[in-house]
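final00.pdb follows; it contains PDB, C-alpha atoms.
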```pdb
ATOM      1  CA  MET W   1     -13.874 -69.172 -12.190  1.00  0.00           C
ATOM      2  CA  ASN W   2     -10.962 -71.487 -11.366  1.00  0.00           C
ATOM      3  CA  ALA W   3     -11.400 -75.176 -10.622  1.00  0.00           C
ATOM      4  CA  ARG W   4      -8.617 -74.887  -8.055  1.00  0.00           C
ATOM      5  CA  PRO W   5      -8.525 -71.455  -6.519  1.00  0.00           C
ATOM      6  CA  ASP W   6      -5.105 -70.020  -5.677  1.00  0.00           C
ATOM      7  CA  THR W   7      -4.078 -69.539  -2.046  1.00  0.00           C
ATOM      8  CA  LEU W   8      -4.825 -65.822  -1.953  1.00  0.00           C
ATOM      9  CA  SER W   9      -8.310 -66.314  -3.461  1.00  0.00           C
ATOM     10  CA  THR W  10      -9.068 -69.029  -0.898  1.00  0.00           C
ATOM     11  CA  THR W  11      -7.920 -66.721   1.923  1.00  0.00           C
ATOM     12  CA  PHE W  12      -9.975 -63.754   0.674  1.00  0.00           C
ATOM     13  CA  ALA W  13     -13.064 -65.962   0.233  1.00  0.00           C
ATOM     14  CA  ALA W  14     -12.664 -67.285   3.793  1.00  0.00           C
ATOM     15  CA  LEU W  15     -12.396 -63.718   5.138  1.00  0.00           C
ATOM     16  CA  ALA W  16     -15.487 -62.519   3.228  1.00  0.00           C
ATOM     17  CA  ASP W  17     -17.774 -63.355   6.143  1.00  0.00           C
ATOM     18  CA  PRO W  18     -18.205 -61.395   9.398  1.00  0.00           C
ATOM     19  CA  THR W  19     -18.748 -64.562  11.503  1.00  0.00           C
ATOM     20  CA  ARG W  20     -15.515 -66.100  10.276  1.00  0.00           C
ATOM     21  CA  ARG W  21     -13.648 -62.858  10.986  1.00  0.00           C
ATOM     22  CA  ALA W  22     -15.210 -62.774  14.472  1.00  0.00           C
ATOM     23  CA  ILE W  23     -14.005 -66.355  15.065  1.00  0.00           C
ATOM     24  CA  LEU W  24     -10.455 -65.319  14.092  1.00  0.00           C
ATOM     25  CA  ALA W  25     -10.700 -62.298  16.412  1.00  0.00           C
ATOM     26  CA  ARG W  26     -11.779 -64.597  19.271  1.00  0.00           C
ATOM     27  CA  LEU W  27      -8.818 -66.912  18.587  1.00  0.00           C
ATOM     28  CA  THR W  28      -6.354 -64.046  19.071  1.00  0.00           C
ATOM     29  CA  ARG W  29      -7.147 -64.526  22.790  1.00  0.00           C
ATOM     30  CA  GLY W  30      -6.112 -68.189  22.677  1.00  0.00           C
ATOM     31  CA  PRO W  31      -7.333 -71.613  21.472  1.00  0.00           C
ATOM     32  CA  ALA W  32     -11.056 -72.381  21.841  1.00  0.00           C
ATOM     33  CA  THR W  33     -13.446 -75.285  21.345  1.00  0.00           C
ATOM     34  CA  VAL W  34     -16.357 -75.271  18.888  1.00  0.00           C
ATOM     35  CA  THR W  35     -18.775 -74.757  21.818  1.00  0.00           C
ATOM     36  CA  GLU W  36     -16.788 -71.772  23.060  1.00  0.00           C
ATOM     37  CA  LEU W  37     -16.618 -70.327  19.545  1.00  0.00           C
ATOM     38  CA  ALA W  38     -20.365 -70.849  18.966  1.00  0.00           C
ATOM     39  CA  ALA W  39     -21.373 -69.160  22.247  1.00  0.00           C
ATOM     40  CA  PRO W  40     -21.379 -65.489  21.055  1.00  0.00           C
ATOM     41  CA  PHE W  41     -23.371 -66.288  17.903  1.00  0.00           C
ATOM     42  CA  ALA W  42     -27.039 -67.203  17.562  1.00  0.00           C
ATOM     43  CA  MET W  43     -25.906 -70.139  15.476  1.00  0.00           C
ATOM     44  CA  SER W  44     -26.141 -73.928  15.566  1.00  0.00           C
ATOM     45  CA  GLY W  45     -23.089 -76.105  16.188  1.00  0.00           C
ATOM     46  CA  PRO W  46     -23.137 -77.454  12.602  1.00  0.00           C
ATOM     47  CA  ALA W  47     -23.275 -73.890  11.196  1.00  0.00           C
ATOM     48  CA  VAL W  48     -20.213 -72.917  13.240  1.00  0.00           C
ATOM     49  CA  SER W  49     -18.472 -76.171  12.222  1.00  0.00           C
ATOM     50  CA  LYS W  50     -19.067 -75.258   8.586  1.00  0.00           C
ATOM     51  CA  HIS W  51     -17.352 -71.887   9.116  1.00  0.00           C
ATOM     52  CA  LEU W  52     -14.478 -73.655  10.895  1.00  0.00           C
ATOM     53  CA  ARG W  53     -14.034 -76.017   7.948  1.00  0.00           C
ATOM     54  CA  VAL W  54     -13.739 -73.012   5.592  1.00  0.00           C
ATOM     55  CA  LEU W  55     -11.165 -71.393   7.898  1.00  0.00           C
ATOM     56  CA  GLU W  56      -9.251 -74.668   8.283  1.00  0.00           C
ATOM     57  CA  HIS W  57      -9.260 -75.252   4.504  1.00  0.00           C
ATOM     58  CA  ALA W  58      -7.778 -71.748   4.074  1.00  0.00           C
ATOM     59  CA  GLY W  59      -5.076 -72.533   6.654  1.00  0.00           C
ATOM     60  CA  LEU W  60      -6.336 -69.752   8.925  1.00  0.00           C
ATOM     61  CA  ILE W  61      -6.953 -72.093  11.848  1.00  0.00           C
ATOM     62  CA  ALA W  62      -5.540 -75.438  12.959  1.00  0.00           C
ATOM     63  CA  ARG W  63      -7.498 -77.956  15.023  1.00  0.00           C
ATOM     64  CA  GLY W  64      -6.334 -80.324  17.742  1.00  0.00           C
ATOM     65  CA  ARG W  65      -6.401 -84.076  17.135  1.00  0.00           C
ATOM     66  CA  GLU W  66      -8.389 -85.044  20.224  1.00  0.00           C
ATOM     67  CA  ALA W  67     -11.660 -86.480  18.890  1.00  0.00           C
ATOM     68  CA  GLN W  68     -13.963 -84.880  21.456  1.00  0.00           C
ATOM     69  CA  TRP W  69     -12.144 -81.699  22.414  1.00  0.00           C
ATOM     70  CA  ARG W  70     -10.763 -80.347  19.170  1.00  0.00           C
ATOM     71  CA  PRO W  71      -9.506 -76.900  20.127  1.00  0.00           C
ATOM     72  CA  CYS W  72      -9.097 -74.398  17.299  1.00  0.00           C
ATOM     73  CA  GLN W  73      -6.002 -72.275  17.072  1.00  0.00           C
ATOM     74  CA  LEU W  74      -5.258 -69.223  14.936  1.00  0.00           C
ATOM     75  CA  ARG W  75      -2.785 -69.614  12.035  1.00  0.00           C
ATOM     76  CA  ALA W  76      -1.851 -66.144  10.803  1.00  0.00           C
ATOM     77  CA  GLY W  77       0.424 -67.134   7.887  1.00  0.00           C
ATOM     78  CA  PRO W  78      -2.198 -66.522   5.157  1.00  0.00           C
ATOM     79  CA  LEU W  79      -2.951 -63.106   6.697  1.00  0.00           C
ATOM     80  CA  ARG W  80       0.675 -62.167   6.174  1.00  0.00           C
ATOM     81  CA  GLU W  81       0.174 -62.876   2.441  1.00  0.00           C
ATOM     82  CA  VAL W  82      -2.890 -60.605   2.488  1.00  0.00           C
ATOM     83  CA  ALA W  83      -0.852 -57.859   4.172  1.00  0.00           C
ATOM     84  CA  ASP W  84       1.964 -58.253   1.629  1.00  0.00           C
ATOM     85  CA  TRP W  85      -0.498 -58.129  -1.266  1.00  0.00           C
ATOM     86  CA  THR W  86      -2.219 -55.036   0.133  1.00  0.00           C
ATOM     87  CA  ALA W  87       1.096 -53.230   0.770  1.00  0.00           C
ATOM     88  CA  ALA W  88       1.597 -52.831  -3.008  1.00  0.00           C
ATOM     89  CA  TYR W  89      -1.436 -50.506  -3.035  1.00  0.00           C
ATOM     90  CA  ARG W  90      -0.424 -48.387  -0.040  1.00  0.00           C
ATOM     91  CA  ARG W  91       0.833 -45.477  -2.164  1.00  0.00           C
ATOM     92  CA  PHE W  92      -2.631 -45.298  -3.758  1.00  0.00           C
ATOM     93  CA  TRP W  93      -4.383 -44.499  -0.525  1.00  0.00           C
ATOM     94  CA  GLU W  94      -1.640 -42.405   1.004  1.00  0.00           C
ATOM     95  CA  GLY W  95      -2.564 -39.112  -0.567  1.00  0.00           C
ATOM     96  CA  SER W  96      -0.287 -38.824  -3.583  1.00  0.00           C
ATOM     97  CA  PHE W  97      -2.974 -40.177  -5.906  1.00  0.00           C
ATOM     98  CA  ASP W  98      -5.663 -38.051  -4.301  1.00  0.00           C
ATOM     99  CA  ARG W  99      -3.435 -35.103  -5.164  1.00  0.00           C
ATOM    100  CA  LEU W 100      -3.221 -36.411  -8.750  1.00  0.00           C
ATOM    101  CA  ASP W 101      -7.033 -36.561  -8.815  1.00  0.00           C
ATOM    102  CA  MET W 102      -7.173 -32.968  -7.580  1.00  0.00           C
ATOM    103  CA  TYR W 103      -4.680 -31.891 -10.253  1.00  0.00           C
ATOM    104  CA  LEU W 104      -6.676 -33.649 -13.002  1.00  0.00           C
ATOM    105  CA  GLY W 105      -9.846 -32.079 -11.639  1.00  0.00           C
ATOM    106  CA  GLU W 106      -8.229 -28.624 -11.824  1.00  0.00           C
ATOM    107  CA  LEU W 107      -7.045 -29.293 -15.378  1.00  0.00           C
ATOM    108  CA  GLN W 108     -10.584 -30.261 -16.430  1.00  0.00           C
ATOM    109  CA  ALA W 109     -12.022 -27.165 -14.745  1.00  0.00           C
ATOM    110  CA  LYS W 110      -9.457 -24.977 -16.583  1.00  0.00           C
ATOM    111  CA  ARG W 111     -10.326 -26.682 -19.879  1.00  0.00           C
ATOM    112  CA  ARG W 112     -14.019 -26.104 -19.303  1.00  0.00           C
ATOM    113  CA  LYS W 113     -13.292 -22.443 -18.496  1.00  0.00           C
ATOM    114  CA  THR W 114     -11.178 -22.058 -21.649  1.00  0.00           C
ATOM    115  CA  THR W 115     -13.808 -23.801 -23.754  1.00  0.00           C
ATOM    116  CA  GLY W 116     -16.470 -21.496 -22.295  1.00  0.00           C
ATOM    117  CA  LYS W 117     -14.282 -18.456 -23.127  1.00  0.00           C
ATOM    118  CA  GLU W 118     -13.753 -19.709 -26.701  1.00  0.00           C
ATOM    119  CA  GLN W 119     -17.489 -20.212 -27.137  1.00  0.00           C
ATOM    120  CA  ARG W 120     -18.209 -16.687 -25.819  1.00  0.00           C
ATOM    121  CA  ASN W 121     -15.524 -15.261 -28.144  1.00  0.00           C
ATOM    122  CA  ALA W 122     -17.012 -17.185 -31.079  1.00  0.00           C
ATOM    123  CA  ARG W 123     -20.466 -15.809 -30.237  1.00  0.00           C
ATOM    124  CA  ARG W 124     -19.068 -12.273 -30.020  1.00  0.00           C
ATOM    125  CA  LYS W 125     -17.390 -12.665 -33.424  1.00  0.00           C
ATOM    126  CA  LYS W 126     -20.723 -13.805 -34.905  1.00  0.00           C
ATOM    127  CA  GLN W 127     -22.516 -10.813 -33.352  1.00  0.00           C
ATOM    128  CA  ARG W 128     -19.984  -8.376 -34.835  1.00  0.00           C
TER     129      ARG W 128
ATOM    130  CA  MET E   1     -25.053 -65.522   5.405  1.00  0.00           C
ATOM    131  CA  ASN E   2     -26.030 -61.842   5.575  1.00  0.00           C
ATOM    132  CA  ALA E   3     -28.655 -60.309   3.329  1.00  0.00           C
ATOM    133  CA  ARG E   4     -26.579 -57.117   3.206  1.00  0.00           C
ATOM    134  CA  PRO E   5     -22.885 -57.872   3.452  1.00  0.00           C
ATOM    135  CA  ASP E   6     -20.744 -55.379   5.374  1.00  0.00           C
ATOM    136  CA  THR E   7     -18.118 -53.324   3.536  1.00  0.00           C
ATOM    137  CA  LEU E   8     -15.186 -55.521   4.533  1.00  0.00           C
ATOM    138  CA  SER E   9     -16.987 -58.714   3.431  1.00  0.00           C
ATOM    139  CA  THR E  10     -17.839 -57.107   0.071  1.00  0.00           C
ATOM    140  CA  THR E  11     -14.189 -56.081  -0.380  1.00  0.00           C
ATOM    141  CA  PHE E  12     -12.839 -59.529   0.518  1.00  0.00           C
ATOM    142  CA  ALA E  13     -15.350 -61.229  -1.805  1.00  0.00           C
ATOM    143  CA  ALA E  14     -14.326 -58.907  -4.653  1.00  0.00           C
ATOM    144  CA  LEU E  15     -10.652 -59.724  -4.050  1.00  0.00           C
ATOM    145  CA  ALA E  16     -11.259 -63.499  -3.968  1.00  0.00           C
ATOM    146  CA  ASP E  17     -10.632 -63.825  -7.710  1.00  0.00           C
ATOM    147  CA  PRO E  18      -7.265 -63.735  -9.520  1.00  0.00           C
ATOM    148  CA  THR E  19      -8.693 -61.960 -12.594  1.00  0.00           C
ATOM    149  CA  ARG E  20     -10.137 -59.159 -10.469  1.00  0.00           C
ATOM    150  CA  ARG E  21      -6.809 -58.787  -8.627  1.00  0.00           C
ATOM    151  CA  ALA E  22      -5.002 -58.702 -12.008  1.00  0.00           C
ATOM    152  CA  ILE E  23      -7.366 -55.932 -13.152  1.00  0.00           C
ATOM    153  CA  LEU E  24      -6.519 -53.903 -10.029  1.00  0.00           C
ATOM    154  CA  ALA E  25      -2.798 -54.514 -10.634  1.00  0.00           C
ATOM    155  CA  ARG E  26      -3.194 -53.239 -14.225  1.00  0.00           C
ATOM    156  CA  LEU E  27      -4.981 -50.106 -12.954  1.00  0.00           C
ATOM    157  CA  THR E  28      -2.005 -49.175 -10.757  1.00  0.00           C
ATOM    158  CA  ARG E  29      -0.403 -48.139 -14.092  1.00  0.00           C
ATOM    159  CA  GLY E  30      -3.253 -45.742 -14.847  1.00  0.00           C
ATOM    160  CA  PRO E  31      -6.887 -45.703 -16.038  1.00  0.00           C
ATOM    161  CA  ALA E  32      -7.897 -48.199 -18.726  1.00  0.00           C
ATOM    162  CA  THR E  33     -10.900 -49.045 -20.895  1.00  0.00           C
ATOM    163  CA  VAL E  34     -12.749 -52.386 -20.785  1.00  0.00           C
ATOM    164  CA  THR E  35     -11.059 -53.393 -24.070  1.00  0.00           C
ATOM    165  CA  GLU E  36      -7.626 -52.603 -22.651  1.00  0.00           C
ATOM    166  CA  LEU E  37      -8.417 -54.516 -19.448  1.00  0.00           C
ATOM    167  CA  ALA E  38      -9.779 -57.523 -21.362  1.00  0.00           C
ATOM    168  CA  ALA E  39      -6.699 -57.779 -23.649  1.00  0.00           C
ATOM    169  CA  PRO E  40      -4.409 -59.865 -21.345  1.00  0.00           C
ATOM    170  CA  PHE E  41      -7.179 -62.366 -20.533  1.00  0.00           C
ATOM    171  CA  ALA E  42      -8.697 -65.066 -22.727  1.00  0.00           C
ATOM    172  CA  MET E  43     -12.066 -63.699 -21.741  1.00  0.00           C
ATOM    173  CA  SER E  44     -15.113 -62.176 -23.436  1.00  0.00           C
ATOM    174  CA  GLY E  45     -16.016 -58.513 -23.012  1.00  0.00           C
ATOM    175  CA  PRO E  46     -19.160 -59.388 -20.988  1.00  0.00           C
ATOM    176  CA  ALA E  47     -17.108 -61.619 -18.646  1.00  0.00           C
ATOM    177  CA  VAL E  48     -14.677 -58.762 -17.989  1.00  0.00           C
ATOM    178  CA  SER E  49     -17.590 -56.346 -17.558  1.00  0.00           C
ATOM    179  CA  LYS E  50     -19.040 -58.663 -14.907  1.00  0.00           C
ATOM    180  CA  HIS E  51     -15.742 -58.558 -12.980  1.00  0.00           C
ATOM    181  CA  LEU E  52     -15.703 -54.760 -13.323  1.00  0.00           C
ATOM    182  CA  ARG E  53     -19.220 -54.523 -11.896  1.00  0.00           C
ATOM    183  CA  VAL E  54     -18.095 -56.547  -8.843  1.00  0.00           C
ATOM    184  CA  LEU E  55     -15.068 -54.269  -8.382  1.00  0.00           C
ATOM    185  CA  GLU E  56     -17.179 -51.141  -8.872  1.00  0.00           C
ATOM    186  CA  HIS E  57     -19.809 -52.372  -6.389  1.00  0.00           C
ATOM    187  CA  ALA E  58     -16.993 -52.899  -3.846  1.00  0.00           C
ATOM    188  CA  GLY E  59     -15.734 -49.352  -4.477  1.00  0.00           C
ATOM    189  CA  LEU E  60     -12.376 -50.686  -5.719  1.00  0.00           C
ATOM    190  CA  ILE E  61     -12.705 -48.992  -9.096  1.00  0.00           C
ATOM    191  CA  ALA E  62     -14.548 -45.952 -10.427  1.00  0.00           C
ATOM    192  CA  ARG E  63     -15.708 -45.598 -14.015  1.00  0.00           C
ATOM    193  CA  GLY E  64     -15.902 -42.536 -16.255  1.00  0.00           C
ATOM    194  CA  ARG E  65     -19.298 -41.213 -17.316  1.00  0.00           C
ATOM    195  CA  GLU E  66     -18.636 -41.144 -21.065  1.00  0.00           C
ATOM    196  CA  ALA E  67     -21.069 -43.680 -22.555  1.00  0.00           C
ATOM    197  CA  GLN E  68     -18.674 -45.224 -25.065  1.00  0.00           C
ATOM    198  CA  TRP E  69     -15.269 -44.782 -23.462  1.00  0.00           C
ATOM    199  CA  ARG E  70     -15.817 -45.542 -19.801  1.00  0.00           C
ATOM    200  CA  PRO E  71     -12.277 -45.668 -18.414  1.00  0.00           C
ATOM    201  CA  CYS E  72     -11.799 -47.562 -15.150  1.00  0.00           C
ATOM    202  CA  GLN E  73      -9.725 -46.085 -12.376  1.00  0.00           C
ATOM    203  CA  LEU E  74      -8.365 -47.676  -9.217  1.00  0.00           C
ATOM    204  CA  ARG E  75      -9.927 -46.668  -5.884  1.00  0.00           C
ATOM    205  CA  ALA E  76      -7.691 -47.925  -3.082  1.00  0.00           C
ATOM    206  CA  GLY E  77      -9.804 -46.807  -0.086  1.00  0.00           C
ATOM    207  CA  PRO E  78     -11.275 -50.288   0.622  1.00  0.00           C
ATOM    208  CA  LEU E  79      -7.757 -51.783   0.449  1.00  0.00           C
ATOM    209  CA  ARG E  80      -6.731 -49.479   3.276  1.00  0.00           C
ATOM    210  CA  GLU E  81      -9.508 -51.049   5.386  1.00  0.00           C
ATOM    211  CA  VAL E  82      -8.151 -54.498   4.509  1.00  0.00           C
ATOM    212  CA  ALA E  83      -4.641 -53.412   5.551  1.00  0.00           C
ATOM    213  CA  ASP E  84      -5.976 -51.962   8.829  1.00  0.00           C
ATOM    214  CA  TRP E  85      -7.913 -55.145   9.573  1.00  0.00           C
ATOM    215  CA  THR E  86      -4.890 -57.345   8.808  1.00  0.00           C
ATOM    216  CA  ALA E  87      -2.543 -55.224  10.941  1.00  0.00           C
ATOM    217  CA  ALA E  88      -4.287 -56.490  14.107  1.00  0.00           C
ATOM    218  CA  TYR E  89      -2.920 -59.969  13.331  1.00  0.00           C
ATOM    219  CA  ARG E  90       0.666 -58.896  12.586  1.00  0.00           C
ATOM    220  CA  ARG E  91       1.990 -60.013  15.982  1.00  0.00           C
ATOM    221  CA  PHE E  92       0.677 -63.527  15.225  1.00  0.00           C
ATOM    222  CA  TRP E  93       2.888 -64.008  12.207  1.00  0.00           C
ATOM    223  CA  GLU E  94       5.901 -62.135  13.495  1.00  0.00           C
ATOM    224  CA  GLY E  95       7.558 -65.004  15.307  1.00  0.00           C
ATOM    225  CA  SER E  96       6.457 -64.672  18.926  1.00  0.00           C
ATOM    226  CA  PHE E  97       3.619 -67.118  18.413  1.00  0.00           C
ATOM    227  CA  ASP E  98       5.776 -69.523  16.440  1.00  0.00           C
ATOM    228  CA  ARG E  99       8.072 -69.530  19.475  1.00  0.00           C
ATOM    229  CA  LEU E 100       5.059 -70.347  21.666  1.00  0.00           C
ATOM    230  CA  ASP E 101       4.287 -73.259  19.344  1.00  0.00           C
ATOM    231  CA  MET E 102       7.874 -74.488  19.662  1.00  0.00           C
ATOM    232  CA  TYR E 103       7.670 -74.225  23.462  1.00  0.00           C
ATOM    233  CA  LEU E 104       4.401 -76.187  23.543  1.00  0.00           C
ATOM    234  CA  GLY E 105       5.931 -78.785  21.211  1.00  0.00           C
ATOM    235  CA  GLU E 106       8.915 -79.184  23.558  1.00  0.00           C
ATOM    236  CA  LEU E 107       6.586 -79.540  26.549  1.00  0.00           C
ATOM    237  CA  GLN E 108       4.655 -82.307  24.772  1.00  0.00           C
ATOM    238  CA  ALA E 109       7.911 -84.101  23.819  1.00  0.00           C
ATOM    239  CA  LYS E 110       9.060 -83.907  27.467  1.00  0.00           C
ATOM    240  CA  ARG E 111       5.719 -85.281  28.659  1.00  0.00           C
ATOM    241  CA  ARG E 112       5.940 -88.182  26.199  1.00  0.00           C
ATOM    242  CA  LYS E 113       9.506 -88.912  27.393  1.00  0.00           C
ATOM    243  CA  THR E 114       8.412 -88.844  31.056  1.00  0.00           C
ATOM    244  CA  THR E 115       5.423 -91.070  30.312  1.00  0.00           C
ATOM    245  CA  GLY E 116       7.703 -93.545  28.518  1.00  0.00           C
ATOM    246  CA  LYS E 117      10.087 -93.570  31.509  1.00  0.00           C
ATOM    247  CA  GLU E 118       7.177 -94.179  33.905  1.00  0.00           C
ATOM    248  CA  GLN E 119       5.941 -97.073  31.768  1.00  0.00           C
ATOM    249  CA  ARG E 120       9.424 -98.641  31.693  1.00  0.00           C
ATOM    250  CA  ASN E 121       9.736 -98.216  35.493  1.00  0.00           C
ATOM    251  CA  ALA E 122       6.322 -99.826  35.983  1.00  0.00           C
ATOM    252  CA  ARG E 123       7.354-102.766  33.789  1.00  0.00           C
ATOM    253  CA  ARG E 124      10.599-103.173  35.754  1.00  0.00           C
ATOM    254  CA  LYS E 125       8.658-103.164  39.045  1.00  0.00           C
ATOM    255  CA  LYS E 126       6.375-105.923  37.683  1.00  0.00           C
ATOM    256  CA  GLN E 127       9.394-107.997  36.555  1.00  0.00           C
ATOM    257  CA  ARG E 128      10.995-107.804  40.059  1.00  0.00           C
TER     258      ARG E 128
END
```

In structure tokens, how does this file's structure come out?
Amino acid sequence: MNARPDTLSTTFAALADPTRRAILARLTRGPATVTELAAPFAMSGPAVSKHLRVLEHAGLIARGREAQWRPCQLRAGPLREVADWTAAYRRFWEGSFDRLDMYLGELQAKRRKTTGKEQRNARRKKQR
Amino acid sequence: MNARPDTLSTTFAALADPTRRAILARLTRGPATVTELAAPFAMSGPAVSKHLRVLEHAGLIARGREAQWRPCQLRAGPLREVADWTAAYRRFWEGSFDRLDMYLGELQAKRRKTTGKEQRNARRKKQR
């Protein structure tokens, strides 16, 4: 939707692919070449290179300058931004809001019960 | 790349848009209707609805069943998965790996210095 996506959008888009996440996971064990990164995947070199370009564009990896052996290295800075962004939602998955849901559910059930009672009472009045 | 994206990929793709993240931020203040959610954006109802469908598909929001007033509610479960996934990379942004970078940088600088010295020595030997 944006001509120039913001940093966080670029990071999320780069992470929205299991192969790219697997590449990042591999790089936690140390720098690796394109050939080494391609090995676990049934994927052509160019296909892996394309993924690497997306990761590099998002600042999630850095690549060496050597023309032939350009080792890739993990850059975790953008992941810190993801963690910071996610932290704002922690309280929503840590139970308190599930309890609110339960409370609202109980309220609705009570209302339904009351409404049912009122309807029965109304019917009784009519029958009298 | 996958016909059926995995949960985490679907979540990341849904989060890769600033409008969708703004909608989630708004929902931390409580449920809201499409009209209420559309208000802060210069965006048509259908455009907002499209974003809501993406968020709903990713399980990040739930919508009420009432046909006319379908309030949206935040569902933070998928964000917990994002936080868990990100946590594995925490040690990479918490300094220890920056220190490794610094160390490698120093090593390279030393090597360059040594190489320079060797070259000067070689020149001196030639001149003698």

- Item | Hits of the ChimeraX specification (/W :<7) & /E in this structure, as a list in words |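 With the shown file as input, the ChimeraX specification (/W :<7) & /E matches Ser9, Thr10, Phe12, Ala13, Leu15, Ala16, Asp17, Pro18, Ala76, Gly77, Leu79, Arg80, Ala83, Thr86, Tyr89, Phe92 and Trp93 of chain E.
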
- Find the distance between CA of Glu36 in chain E and CA of Ala109 in chain W and write it in Å to one decimal.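 Here the two named atoms are 27.0 Å from each other.
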
- Query: Could you state the separation of CA of Pro31 in chain W and CA of Gln73 in chain W in Å, given to one decimal place?
  - Reply: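 Taking CA of Pro31 in chain W and CA of Gln73 in chain W, their separation equals 4.6 Å.
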
Can you pull out every residue within 8 Å of range 44-56 of chain E, counting all atoms listed in the file, but drop anything in the same chain fewer than 2 positions away, and send it as a JSON list (two decimals) with C-alpha atoms, in the coordinates of the input?
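For reference, result_29.json as written:
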```
[["chain", "number", "residue", "atom", "x", "y", "z"],
["E", 14, "ALA", "CA", -14.33, -58.91, -4.65],
["E", 19, "THR", "CA", -8.69, -61.96, -12.59],
["E", 20, "ARG", "CA", -10.14, -59.16, -10.47],
["E", 34, "VAL", "CA", -12.75, -52.39, -20.78],
["E", 35, "THR", "CA", -11.06, -53.39, -24.07],
["E", 37, "LEU", "CA", -8.42, -54.52, -19.45],
["E", 38, "ALA", "CA", -9.78, -57.52, -21.36],
["E", 42, "ALA", "CA", -8.70, -65.07, -22.73],
["E", 58, "ALA", "CA", -16.99, -52.90, -3.85],
["E", 59, "GLY", "CA", -15.73, -49.35, -4.48],
["E", 60, "LEU", "CA", -12.38, -50.69, -5.72],
["E", 61, "ILE", "CA", -12.70, -48.99, -9.10],
["E", 62, "ALA", "CA", -14.55, -45.95, -10.43],
["E", 63, "ARG", "CA", -15.71, -45.60, -14.02]]
```

- Query: Hey, can you check how far CA of Arg65 in chain W sits from CA of Ala32 in chain W?
  - Reply: 13.4 Å
